[in-house]
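Read through the structure below, which is laid out as structure tokens, and then see the notes.
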There are 2 protein chains.
Amino acid sequence: MTKAFCNPHRLEIMDLLAQGEKTVEVIAAEISASVANASQHLQVLKQAHLVTTRKQAHHIYYDLANADVFNTWYTLRSLSIRQMPQVKEVIRDFRHERDSLEAVSVDELYQRLHSDEVVLLDVRPTEEYQRGHIPHAISIPLEQWDSLLATLPRHKQIIAYCRGPFCVYSDEAVVQLKRKGYHAVRLEEGFPDWKKRGLPVAR
Amino acid sequence: MTKAFCNPHRLEIMDLLAQGEKTVEVIAAEISASVANASQHLQVLKQAHLVTTRKQAHHIYYDLANADVFNTWYTLRSLSIRQMPQVKEVIRDFRHERDSLEAVSVDELYQRLHSDEVVLLDVRPTEEYQRGHIPHAISIPLEQWDSLLATLPRHKQIIAYCRGPFCVYSDEAVVQLKRKGYHAVRLEEGFPDWKKRGLPVAR
DNA sequence: CAATTGTTCTATGAATCTGTTGAATAATTG
DNA sequence: CAATTATTCAACAGATTCATAGAACAATTG
């Protein structure tokens, strides 16, 4: 079973499926691999009982098998962040390069969630937002940034979140917002982390 | 980091180190590998920051890096037992083959620990017993079975425990005890599992 | 029922991982 | 300071894993 966890693409797939079920085609596109290749990796995960499939019309939806699998993957990811200096460095260097060093933790966000001084942005694809999001978050998917970013209130702090610590959507959002003069920061973790803590989820 | 978890020998090493630090030589013997081979695997684990080393006189002691690593390894092992039908089957078949189907859980043991009707045996090597054991347990290491098993009270139930669900020491103890007419069962899990639950540990 | 679409399979060569062997390296002990 | 001991290194061959390309398959839709 550990062998199934042993490949970068497969880890990326699990990270992705933590947002909800997806088809082979979508997964392949997200991890920048061919459909055949993505399919092969999914077969490995399936044989390790880490993912399940659901057929609907023309598509096969893959999803994490259950909450146990999610928690194990999460534990593994947390350990790598805490234990491996390299991982921390990569994240830090990437952020630094983009002038978006500041990051708010889930705890901080939870405290400020009901404050009127904060606007919370969900910058994941619409579909993932609809499947569940942090309460009061506004959905601003990638494709609509240009039109929607301008509509945000100037005087409030903006917090952007996305899939998790390894996802760059919110980093990119923060960079763009800062360029336009907003006071923006990213949420250090992502939606799955929020959900895992048992914090309220809106739909 | 997940690659370090990816090899049967290395998993066995982590299972072993969960009992406490050990030298390369001892580890090699326990996993039935050459010293050079064991050393190589330990290097992999070390580079993944999963184990640490301590030098003392002629020996180098390897140990799990910290409680986080232990917990992650434990989570991974638990998932495999719950998720993979093969793992459960192997355990069940092995026990069945040896007429030692019965097994007591940590919870059951905890409740019965103070009862006068139960004798608790730690069948791990003496050294591991000394490093920490379940309260009231008697140390009966492999080498001393022949002489010590006969000294046990006939009318009490005997519970044997060892390193964990994949360790066969307690299975063998149960078989031998049953042969001699005792009412013996094994603890389903092992000492690390007991410790992880935060239950009291004696020294 | 034929066409289309989405997914899986098969074969291939390149890359990586493993265990073995024997030598090299430390560091302690006599 | 030489001998011994414990551990690591280096080089090799065999096994496994990987991505690619193209064919095969299954199931829905027109």
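By order in the structure tokens, chains are A, B, ...; within a chain, residues start at 1; ligands start at 1, following the order shown.
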
Query - 8 Å contacts from chain B to chain C using only C-alpha atoms (C1' of nucleotides), as a ChimeraX atom specification - result: /B:37,57-58

Requested in this report: Please report, as a ChimeraX atom specification, each residue of chain A to which DSSP assigns strand (DSSP E or B) when run on this structure's backbone.
Outcome: /A:22-23,51-56,59-64,103-104,118-122,133,138-139,157-161,183-187,202

Report task. At a cut-off of 10 Å, list the chain D residues touching chain A, using only C-alpha atoms (C1' of nucleotides), as JSON, numbers by chain. Result -> {"D": [17, 18, 19, 20, 21, 26, 27, 28, 29]}

Report task. Tell me the residues of chain B close to chain A, meaning within 7 Å using only C-alpha atoms, as a ChimeraX atom specification. Result -> /B:1-3,5-6,49,68,72,75-76,79-80,83-84

Residues as selected, all heavy atoms, written as a tab-separated table (two decimals), in the first residue's frame, can you do that?
```tsv
chain	number	residue	atom	x	y	z
B	1	MET	N	9.86	11.70	0.62
B	1	MET	CA	9.78	11.06	1.93
B	1	MET	C	8.96	9.78	1.87
B	1	MET	O	9.33	8.78	2.49
B	1	MET	CB	9.15	12.02	2.93
B	1	MET	CG	9.37	11.62	4.36
B	1	MET	SD	8.22	12.39	5.50
B	1	MET	CE	6.66	11.65	5.02
B	2	THR	N	7.91	9.81	1.07
B	2	THR	CA	7.07	8.60	0.99
B	2	THR	C	7.89	7.43	0.43
B	2	THR	O	7.61	6.28	0.75
B	2	THR	CB	5.84	8.82	0.09
B	2	THR	OG1	6.28	9.26	-1.19
B	2	THR	CG2	4.90	9.84	0.72
B	3	LYS	N	8.89	7.74	-0.39
B	3	LYS	CA	9.71	6.65	-0.94
B	3	LYS	C	10.43	5.89	0.16
B	3	LYS	O	10.69	4.70	0.01
B	3	LYS	CB	10.71	7.21	-1.96
B	3	LYS	CG	10.05	7.65	-3.23
B	3	LYS	CD	11.02	7.75	-4.37
B	3	LYS	CE	10.25	8.12	-5.64
B	3	LYS	NZ	11.11	8.28	-6.81
B	5	PHE	N	9.24	5.09	2.87
B	5	PHE	CA	8.24	4.16	3.44
B	5	PHE	C	7.97	2.98	2.50
B	5	PHE	O	7.14	2.14	2.81
B	5	PHE	CB	6.92	4.89	3.68
B	5	PHE	CG	6.86	5.66	4.96
B	5	PHE	CD1	6.99	7.04	4.96
B	5	PHE	CD2	6.65	5.01	6.18
B	5	PHE	CE1	6.92	7.76	6.15
B	5	PHE	CE2	6.58	5.73	7.36
B	5	PHE	CZ	6.72	7.10	7.35
B	6	CYS	N	8.65	2.97	1.36
B	6	CYS	CA	8.21	2.16	0.22
B	6	CYS	C	8.80	0.77	0.12
B	6	CYS	O	8.66	0.12	-0.88
B	6	CYS	CB	8.55	2.90	-1.05
B	6	CYS	SG	7.09	3.36	-1.91
B	49	HIS	N	14.90	11.83	7.00
B	49	HIS	CA	14.67	12.40	8.34
B	49	HIS	C	13.67	11.61	9.16
B	49	HIS	O	12.96	12.18	9.99
B	49	HIS	CB	14.22	13.86	8.23
B	49	HIS	CG	15.20	14.73	7.53
B	49	HIS	ND1	16.24	15.34	8.17
B	49	HIS	CD2	15.32	15.06	6.22
B	49	HIS	CE1	16.96	16.03	7.29
B	49	HIS	NE2	16.41	15.87	6.10
B	68	ASP	N	6.25	12.28	16.03
B	68	ASP	CA	5.53	12.52	14.77
B	68	ASP	C	5.74	11.38	13.80
B	68	ASP	O	4.80	10.92	13.16
B	68	ASP	CB	6.04	13.81	14.12
B	68	ASP	CG	5.27	15.02	14.60
B	68	ASP	OD1	4.29	14.84	15.35
B	68	ASP	OD2	5.66	16.13	14.22
B	72	THR	N	2.94	8.82	12.34
B	72	THR	CA	2.67	8.69	10.91
B	72	THR	C	2.81	7.24	10.48
B	72	THR	O	1.94	6.70	9.79
B	72	THR	CB	3.63	9.57	10.09
B	72	THR	OG1	3.53	10.91	10.54
B	72	THR	CG2	3.30	9.50	8.61
B	75	THR	N	-0.18	5.44	11.72
B	75	THR	CA	-1.37	5.76	10.92
B	75	THR	C	-1.37	4.95	9.64
B	75	THR	O	-2.39	4.37	9.25
B	75	THR	CB	-1.40	7.26	10.58
B	75	THR	OG1	-1.34	8.01	11.79
B	75	THR	CG2	-2.67	7.62	9.82
B	76	LEU	N	-0.21	4.91	9.01
B	76	LEU	CA	-0.06	4.18	7.75
B	76	LEU	C	-0.34	2.69	7.97
B	76	LEU	O	-1.05	2.06	7.19
B	76	LEU	CB	1.38	4.38	7.27
B	76	LEU	CG	1.70	4.59	5.81
B	76	LEU	CD1	0.66	5.42	5.10
B	76	LEU	CD2	3.07	5.26	5.69
B	79	LEU	N	-4.03	2.09	8.58
B	79	LEU	CA	-4.82	2.16	7.35
B	79	LEU	C	-4.69	0.87	6.56
B	79	LEU	O	-5.68	0.34	6.08
B	79	LEU	CB	-4.37	3.34	6.48
B	79	LEU	CG	-5.20	3.53	5.21
B	79	LEU	CD1	-6.60	4.04	5.54
B	79	LEU	CD2	-4.53	4.46	4.23
B	80	SER	N	-3.48	0.37	6.46
B	80	SER	CA	-3.29	-0.85	5.66
B	80	SER	C	-4.07	-2.01	6.25
B	80	SER	O	-4.60	-2.84	5.53
B	80	SER	CB	-1.80	-1.18	5.52
B	80	SER	OG	-1.33	-1.80	6.70
B	83	GLN	N	-7.82	-1.12	5.53
B	83	GLN	CA	-8.22	-0.92	4.15
B	83	GLN	C	-7.92	-2.11	3.24
B	83	GLN	O	-8.67	-2.36	2.31
B	83	GLN	CB	-7.47	0.32	3.63
B	83	GLN	CG	-8.13	1.02	2.48
B	83	GLN	CD	-9.34	1.80	2.94
B	83	GLN	OE1	-9.65	1.85	4.13
B	83	GLN	NE2	-10.05	2.39	2.02
B	84	MET	N	-6.83	-2.80	3.52
B	84	MET	CA	-6.39	-3.85	2.62
B	84	MET	C	-6.89	-5.21	3.09
B	84	MET	O	-6.39	-5.74	4.08
B	84	MET	CB	-4.86	-3.88	2.55
B	84	MET	CG	-4.24	-2.56	2.19
B	84	MET	SD	-4.34	-2.19	0.44
B	84	MET	CE	-3.07	-3.29	-0.19
```

Query raised in the report: Got a sec: who's within 8 Å of segment 146-154 of chain B, counting only C-alpha atoms (C1' of nucleotides), leaving out chain neighbours fewer than 5 positions off, as a PyMOL selection string?
Result: chain B and resi 140+177+182

Report task. Kindly indicate which residue among A:Glu117, A:Glu30, A:Asp193, A:Glu102 lies nearest to Arg163 of chain A, using only C-alpha atoms for the distances. Result -> A:Asp193

Report task. List every residue of chain A that DSSP, applied to the backbone of this structure, assigns to helix (DSSP H, G or I), and report them as a ChimeraX atom specification. Result -> /A:2-5,8-17,24-30,35-47,67-83,85-97,106-112,126-130,142-151,169-179,191-196

**Report entry** Residues within 8 Å of segment 120-133 of chain A, only C-alpha atoms (C1' of nucleotides), excluding chain neighbours under 2 positions, as an MDAnalysis selection string
**Finding:** chainID A and resid 19:20 118 135:142 158:163 169:170 173 191 201:203
